[in-house]
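S.K.: Data file entry.cif (mmCIF, C-alpha atoms) is appended below.
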```
data_data
loop_
_atom_site.label_atom_id
_atom_site.label_comp_id
_atom_site.auth_asym_id
_atom_site.auth_seq_id
_atom_site.Cartn_x
_atom_site.Cartn_y
_atom_site.Cartn_z
CA VAL O 18 0.00 0.00 0.00
CA ASN O 19 1.42 3.37 -0.99
CA THR O 20 0.30 6.18 1.30
CA CYS O 21 -0.05 9.96 1.52
CA GLY O 22 0.60 11.84 4.75
CA PHE O 23 0.27 15.47 3.71
CA ILE O 24 -3.17 16.48 5.01
CA GLY O 25 -5.63 14.97 7.46
CA ASP O 26 -8.06 13.64 4.85
CA ALA O 27 -5.26 11.90 2.94
CA GLN O 28 -3.90 10.37 6.14
CA GLU O 29 -7.34 9.06 7.06
CA GLU O 30 -7.86 7.59 3.59
CA SER O 31 -4.46 5.90 3.74
CA ILE O 32 -5.12 4.41 7.18
CA ASN O 33 -8.55 3.15 6.13
CA MET O 34 -6.99 1.47 3.11
CA ILE O 35 -4.32 -0.16 5.29
CA LEU O 36 -7.00 -1.46 7.68
CA GLU O 37 -9.01 -2.79 4.75
CA PHE O 38 -6.01 -4.81 3.60
CA CYS O 39 -5.35 -5.92 7.19
CA GLN O 40 -8.82 -7.42 7.26
CA ALA O 41 -8.20 -9.13 3.93
CA LYS O 42 -5.00 -10.60 5.36
CA GLU O 43 -6.82 -11.89 8.44
CA GLU O 44 -9.37 -13.52 6.12
CA GLY O 45 -6.59 -15.29 4.27
CA LYS O 46 -7.00 -13.31 1.05
CA LEU O 47 -3.36 -12.17 1.02
CA LYS O 48 -0.17 -13.48 2.58
CA LYS O 49 1.92 -10.36 3.15
CA LEU O 50 1.13 -6.69 3.66
CA TYR O 51 3.68 -3.94 3.14
CA VAL O 52 3.12 -0.21 3.56
CA MET O 53 5.29 2.60 2.27
CA GLY O 54 5.08 6.25 1.19
CA CYS O 55 4.68 9.62 2.84
CA LEU O 56 2.48 8.54 5.77
CA SER O 57 4.89 5.85 6.90
CA GLU O 58 7.85 8.15 6.29
CA ARG O 59 6.32 10.63 8.72
CA TYR O 60 4.90 8.20 11.30
CA LEU O 61 6.94 5.03 10.86
CA LYS O 62 7.35 4.07 14.51
CA GLU O 63 3.79 5.01 15.49
CA LEU O 64 2.24 3.00 12.66
CA ALA O 65 4.34 -0.07 13.43
CA LEU O 66 3.07 -0.01 17.01
CA GLU O 67 -0.57 0.74 16.18
CA ILE O 68 -1.05 -1.65 13.23
CA PRO O 69 1.01 -4.80 13.91
CA GLN O 70 -0.87 -6.73 11.21
CA VAL O 71 1.35 -5.02 8.63
CA ASP O 72 4.41 -7.17 7.94
CA LYS O 73 6.65 -4.16 7.47
CA PHE O 74 6.46 -0.38 7.08
CA TYR O 75 8.84 1.45 4.77
CA GLY O 76 9.40 5.15 4.39
CA LYS O 77 9.36 7.16 1.20
CA PHE O 78 12.95 6.58 0.17
CA ASN O 79 14.06 3.14 1.39
CA TRP O 80 12.39 1.21 -1.42
CA ASN O 81 15.72 -0.61 -1.99
CA GLU O 82 15.05 -2.31 1.33
CA LEU O 83 11.61 -3.32 0.10
CA LEU O 84 13.15 -4.84 -3.03
CA ALA O 85 15.64 -6.77 -0.92
CA ASP O 86 12.85 -8.08 1.34
CA LEU O 87 11.04 -9.28 -1.79
CA GLY O 88 14.16 -11.11 -2.92
CA LYS O 89 14.94 -8.64 -5.68
CA ALA O 90 17.68 -6.06 -6.28
CA TYR O 91 17.84 -2.56 -7.70
CA LYS O 92 19.70 -2.34 -11.00
CA SER O 93 20.99 1.16 -11.71
CA GLU O 94 21.22 0.52 -15.46
CA PHE O 95 17.42 0.48 -15.54
CA ALA O 96 17.03 3.67 -13.46
CA ILE O 97 15.03 5.62 -16.05
CA GLU O 98 12.88 2.74 -17.26
CA ARG O 99 9.26 2.89 -16.16
CA THR O 100 5.94 1.14 -16.40
CA LEU O 101 3.45 3.88 -17.19
CA THR O 102 0.19 3.95 -15.26
CA THR O 103 -1.14 6.83 -17.39
CA PRO O 104 -2.62 6.54 -20.89
CA HIS O 105 0.27 5.79 -23.26
CA HIS O 106 0.39 9.26 -24.86
CA TYR O 107 1.42 11.21 -21.73
CA ALA O 108 3.62 10.80 -18.67
CA TYR O 109 4.46 12.60 -15.46
CA LEU O 110 8.11 13.59 -15.24
CA LYS O 111 9.49 14.34 -11.77
CA ILE O 112 12.56 16.58 -11.94
CA SER O 113 13.34 16.93 -8.24
CA GLU O 114 12.40 15.71 -4.78
CA GLY O 115 11.95 17.66 -1.56
CA CYS O 116 11.66 21.35 -0.76
CA ASP O 117 13.91 23.96 0.86
CA ARG O 118 11.04 26.39 1.48
CA LYS O 119 9.95 26.66 5.10
CA CYS O 120 6.31 27.68 4.76
CA SER O 121 4.74 27.72 8.22
CA TYR O 122 1.76 25.50 7.34
CA CYS O 123 3.42 22.89 5.12
CA ALA O 124 4.58 19.37 5.98
CA ILE O 125 6.39 18.66 2.71
CA PRO O 126 9.92 19.47 3.99
CA ILE O 127 9.25 17.28 7.06
CA ILE O 128 8.26 14.34 4.87
CA THR O 129 10.51 14.69 1.82
CA GLY O 130 13.53 16.54 3.20
CA ARG O 131 15.76 19.03 1.39
CA HIS O 132 15.37 19.83 -2.30
CA ILE O 133 17.35 17.41 -4.50
CA SER O 134 17.40 18.07 -8.24
CA ARG O 135 17.81 15.23 -10.70
CA PRO O 136 20.76 15.67 -13.08
CA MET O 137 19.64 17.31 -16.29
CA GLU O 138 21.18 14.66 -18.56
CA GLU O 139 19.33 11.90 -16.71
CA ILE O 140 16.02 13.71 -17.21
CA ILE O 141 16.68 14.24 -20.92
CA ASP O 142 17.57 10.56 -21.34
CA GLU O 143 14.28 9.61 -19.69
CA VAL O 144 12.35 11.94 -21.98
CA LYS O 145 13.97 10.39 -25.07
CA LEU O 146 13.19 6.89 -23.81
CA LEU O 147 9.55 7.76 -23.14
CA VAL O 148 9.20 9.41 -26.56
CA SER O 149 10.51 6.20 -28.15
CA GLU O 150 7.68 4.38 -26.35
CA GLY O 151 5.02 6.70 -27.74
CA VAL O 152 4.75 9.44 -25.10
CA LYS O 153 3.94 12.84 -26.64
CA GLU O 154 2.93 14.97 -23.63
CA PHE O 155 4.98 15.54 -20.49
CA GLN O 156 3.57 16.80 -17.19
CA ILE O 157 6.58 18.29 -15.38
CA ILE O 158 6.23 17.87 -11.62
CA ALA O 159 8.11 18.44 -8.36
CA GLN O 160 7.23 19.65 -4.89
CA GLU O 161 8.81 22.97 -5.93
CA LEU O 162 9.36 23.21 -9.67
CA THR O 163 10.99 26.64 -9.93
CA TYR O 164 13.84 25.80 -7.51
CA TYR O 165 15.18 23.18 -9.89
CA GLY O 166 18.95 23.22 -10.28
CA VAL O 167 19.91 25.44 -7.36
CA ASP O 168 21.47 22.56 -5.42
CA LEU O 169 23.27 20.96 -8.39
CA TYR O 170 24.16 23.94 -10.54
CA LYS O 171 24.01 26.85 -8.04
CA SER O 172 21.33 28.66 -10.03
CA GLN O 173 17.73 28.10 -11.19
CA LYS O 174 17.88 25.86 -14.24
CA LEU O 175 14.20 25.22 -14.96
CA PRO O 176 14.16 27.40 -18.12
CA GLU O 177 17.19 25.60 -19.55
CA LEU O 178 15.76 22.19 -18.69
CA ILE O 179 12.36 22.93 -20.26
CA GLU O 180 14.03 24.30 -23.40
CA ARG O 181 16.11 21.15 -23.74
CA ILE O 182 13.02 18.96 -23.29
CA ALA O 183 11.17 21.08 -25.86
CA ASN O 184 13.97 20.45 -28.37
CA VAL O 185 13.70 16.66 -28.07
CA PRO O 186 12.11 15.38 -31.32
CA GLY O 187 8.68 13.91 -30.66
CA VAL O 188 7.82 16.03 -27.62
CA GLU O 189 4.53 17.69 -28.57
CA TRP O 190 3.29 19.14 -25.27
CA ILE O 191 4.97 20.23 -22.05
CA ARG O 192 2.88 21.32 -19.08
CA LEU O 193 4.35 22.75 -15.87
CA HIS O 194 2.94 21.86 -12.44
CA TYR O 195 3.50 23.43 -9.04
CA ALA O 196 5.60 26.53 -9.52
CA TYR O 197 6.42 28.88 -6.66
CA PRO O 198 5.69 32.62 -7.05
CA ALA O 199 8.72 33.96 -5.12
CA HIS O 200 11.94 34.30 -7.17
CA PHE O 201 10.14 33.06 -10.28
CA PRO O 202 12.66 32.36 -13.10
CA GLU O 203 11.37 34.81 -15.69
CA GLU O 204 13.59 33.34 -18.41
CA LEU O 205 10.89 30.66 -18.48
CA PHE O 206 8.59 33.19 -20.20
CA ARG O 207 11.01 33.38 -23.14
CA VAL O 208 11.07 29.57 -23.39
CA MET O 209 7.27 29.46 -23.39
CA ARG O 210 7.09 32.17 -26.05
CA GLU O 211 9.66 30.61 -28.39
CA HIS O 212 8.55 26.96 -28.18
CA ASP O 213 5.06 26.06 -29.35
CA ASN O 214 5.19 22.72 -27.53
CA VAL O 215 5.56 24.43 -24.13
CA CYS O 216 2.00 25.13 -22.99
CA LYS O 217 1.09 28.66 -21.97
CA TYR O 218 -0.10 27.14 -18.73
CA MET O 219 1.13 27.54 -15.17
CA ASP O 220 0.09 25.56 -12.12
CA ILE O 221 1.33 27.90 -9.40
CA ALA O 222 0.97 27.85 -5.61
CA LEU O 223 -0.21 31.40 -4.88
CA GLN O 224 -1.84 30.21 -1.61
CA HIS O 225 -2.99 33.68 -0.50
CA ILE O 226 -3.10 37.34 -1.52
CA SER O 227 -3.21 39.08 1.87
CA ASP O 228 0.21 40.47 2.81
CA ASN O 229 -0.54 39.77 6.46
CA MET O 230 -1.27 36.10 5.78
CA LEU O 231 1.59 35.71 3.30
CA ASN O 232 3.97 36.86 6.02
CA LYS O 233 2.46 34.47 8.57
CA MET O 234 2.70 31.66 6.04
CA ARG O 235 6.37 32.57 5.34
CA ARG O 236 5.78 32.69 1.61
CA HIS O 237 8.48 35.33 0.91
CA VAL O 238 6.29 37.08 -1.64
CA SER O 239 3.90 40.03 -1.41
CA LYS O 240 0.50 40.81 -2.88
CA ALA O 241 2.10 43.39 -5.19
CA GLU O 242 4.72 40.91 -6.40
CA THR O 243 2.02 38.30 -7.03
CA TYR O 244 -0.01 40.75 -9.12
CA GLU O 245 3.14 41.77 -11.00
CA LEU O 246 3.96 38.16 -11.87
CA ILE O 247 0.44 37.50 -13.16
CA GLU O 248 0.50 40.71 -15.17
CA LYS O 249 3.78 39.72 -16.85
CA PHE O 250 2.31 36.35 -17.73
CA ARG O 251 -0.80 37.98 -19.18
CA LEU O 252 1.08 40.56 -21.25
CA LEU O 253 3.41 38.00 -22.80
CA PHE O 254 0.72 35.58 -23.93
CA VAL O 255 -2.49 36.36 -25.78
CA ARG O 256 -4.26 33.42 -24.19
CA SER O 257 -2.92 31.69 -21.12
CA ILE O 258 -4.10 29.56 -18.23
CA ILE O 259 -3.00 29.91 -14.62
CA VAL O 260 -4.05 27.29 -12.09
CA PRO O 261 -3.55 28.91 -8.68
CA LYS O 262 -3.36 26.68 -5.62
CA ASN O 263 -4.96 28.67 -2.80
CA ILE O 264 -5.66 28.30 0.89
CA SER O 265 -8.82 30.29 1.58
CA VAL O 266 -8.74 30.28 5.37
CA THR O 267 -6.09 29.00 7.77
CA PRO O 268 -6.53 28.44 11.52
CA SER O 269 -4.96 31.83 12.26
CA ASN O 270 -7.01 34.02 9.92
CA ASN O 271 -10.66 34.70 9.16
CA PHE O 272 -12.97 35.15 6.23
CA ASP O 273 -12.16 38.87 6.05
CA THR O 274 -8.69 37.97 4.76
CA ALA O 275 -9.76 34.95 2.71
CA ILE O 276 -8.18 34.46 -0.69
CA ASN O 277 -9.26 36.86 -3.39
CA VAL O 278 -7.56 35.75 -6.58
CA PRO O 279 -7.60 38.58 -9.13
CA THR O 280 -10.31 38.05 -11.73
CA MET O 281 -10.79 41.71 -12.64
CA PRO O 282 -11.23 42.68 -16.30
CA GLU O 283 -7.63 43.97 -16.51
CA PHE O 284 -6.34 40.42 -16.06
CA ASN O 285 -8.32 39.05 -18.98
CA PRO O 286 -7.80 37.10 -21.18
CA THR O 287 -5.76 35.09 -18.65
CA VAL O 288 -7.96 32.23 -17.46
CA PHE O 289 -7.84 31.27 -13.77
CA VAL O 290 -8.87 27.69 -13.05
CA ARG O 291 -9.56 26.73 -9.43
#
```
Could you show the structure in this file as structure tokens?
M.R.:
Amino acid sequence: VNTCGFIGDAQEESINMILEFCQAKEEGKLKKLYVMGCLSERYLKELALEIPQVDKFYGKFNWNELLADLGKAYKSEFAIERTLTTPHHYAYLKISEGCDRKCSYCAIPIITGRHISRPMEEIIDEVKLLVSEGVKEFQIIAQELTYYGVDLYKSQKLPELIERIANVPGVEWIRLHYAYPAHFPEELFRVMREHDNVCKYMDIALQHISDNMLNKMRRHVSKAETYELIEKFRLLFVRSIIVPKNISVTPSNNFDTAINVPTMPEFNPTVFVR
């Protein structure tokens, strides 16, 4: 069972699924039960004590141990090979793991640790392999997309990476997921403008628009800077889509400061999708 431990609802769903499989094991419908992922990474010791029916809990990163327990071994020469669980024409492409941001409300750094970028050449090799298997669209993902490269190359390398992916023959669509508004790499706008296969689409974690709440959330961006970023995006592209991830109300604020994503006429024709 792979689990999620980010928010309460996800934790509850994961635990219910584990208990469902525990019952199946007790009924003799399965021999072994293993649990891994974010929930067990965060609460490994507690889960092992509370749900002893599980044969073993693994965290998010020690899947090599799971392979060994199953009598298998990790082979580095097959590192970029995958079995797609999506329709064959598109694939998710993770370019980094972890997050160095310290937002006050977020558990991601606790679960995933520091930001670790994948080497650019490894990513490009994976893209070429997936294209050879029929993939045409790539959904670029990470916990924090725009920080890519800072740890490996000492500067933000997302624009360079996306441009290199765009230049791979056979890549027809590139869509970017989970950007961060502070220190946004604006060179990415040029890449979007010059490459037709890079969608004029941005999934971005705005989270809030109140300066007071942004400070409490430790987002390192202001309302004015957020508006400025959206305005640049709108001016550069005749038609664009921004998918803002927002937190309307947190335990420390009220409905008077709830999120108010700009939808005024001056931001048209940018489309906001919630």
S.K.: Quick one: distance from CA of Cys123 in chain O to CA of Ile24 in chain O in Å, one decimal?
M.R.: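 That distance, rounded to one decimal, is 9.2 Å.
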S.K.: How close does range 107-161 of chain O get to range 45-57 of chain O? List, as a tab-separated table, each residue of range 107-161 of chain O within 10 Å, its nearest atom pair and the distance in Å to one decimal, counting only C-alpha atoms.
M.R.:
```
residue	atom	partner	partner_atom	distance
O:Ile125	CA	O:Cys55	CA	9.2
O:Ile127	CA	O:Cys55	CA	9.9
O:Ile128	CA	O:Cys55	CA	6.3
O:Thr129	CA	O:Cys55	CA	7.8
```
S.K.: Could you pull out every residue with an atom within 8 Å of (3.0, 29.9, 7.6), file coordinates, counting all atoms listed in the file, and send them as a PyMOL selection string?
M.R.: chain O and resi 120-123+230-236
S.K.: Could you produce a table of the residues of range 140-211 of chain O lying within 10 Å of range 221-226 of chain O, with the nearest pair of atoms per residue and their separation in Å rounded to one decimal, using only C-alpha atoms, ordered by chain and increasing residue number, as JSON lines?
M.R.:
```
{"residue": "O:Glu161", "atom": "CA", "partner": "O:Ala222", "partner_atom": "CA", "distance": 9.2}
{"residue": "O:Leu162", "atom": "CA", "partner": "O:Ile221", "partner_atom": "CA", "distance": 9.3}
{"residue": "O:Thr163", "atom": "CA", "partner": "O:Ile221", "partner_atom": "CA", "distance": 9.8}
{"residue": "O:Leu193", "atom": "CA", "partner": "O:Ile221", "partner_atom": "CA", "distance": 8.8}
{"residue": "O:His194", "atom": "CA", "partner": "O:Ile221", "partner_atom": "CA", "distance": 7.0}
{"residue": "O:Tyr195", "atom": "CA", "partner": "O:Ile221", "partner_atom": "CA", "distance": 5.0}
{"residue": "O:Ala196", "atom": "CA", "partner": "O:Ile221", "partner_atom": "CA", "distance": 4.5}
{"residue": "O:Tyr197", "atom": "CA", "partner": "O:Ala222", "partner_atom": "CA", "distance": 5.6}
{"residue": "O:Pro198", "atom": "CA", "partner": "O:Leu223", "partner_atom": "CA", "distance": 6.4}
{"residue": "O:Ala199", "atom": "CA", "partner": "O:Leu223", "partner_atom": "CA", "distance": 9.3}
```
S.K.: Rounded to one decimal place, report the CA of Glu180 in chain O-CA of Met209 in chain O distance in Å.
M.R.: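 So the two atoms, CA of Glu180 in chain O and CA of Met209 in chain O, lie 8.5 Å apart.
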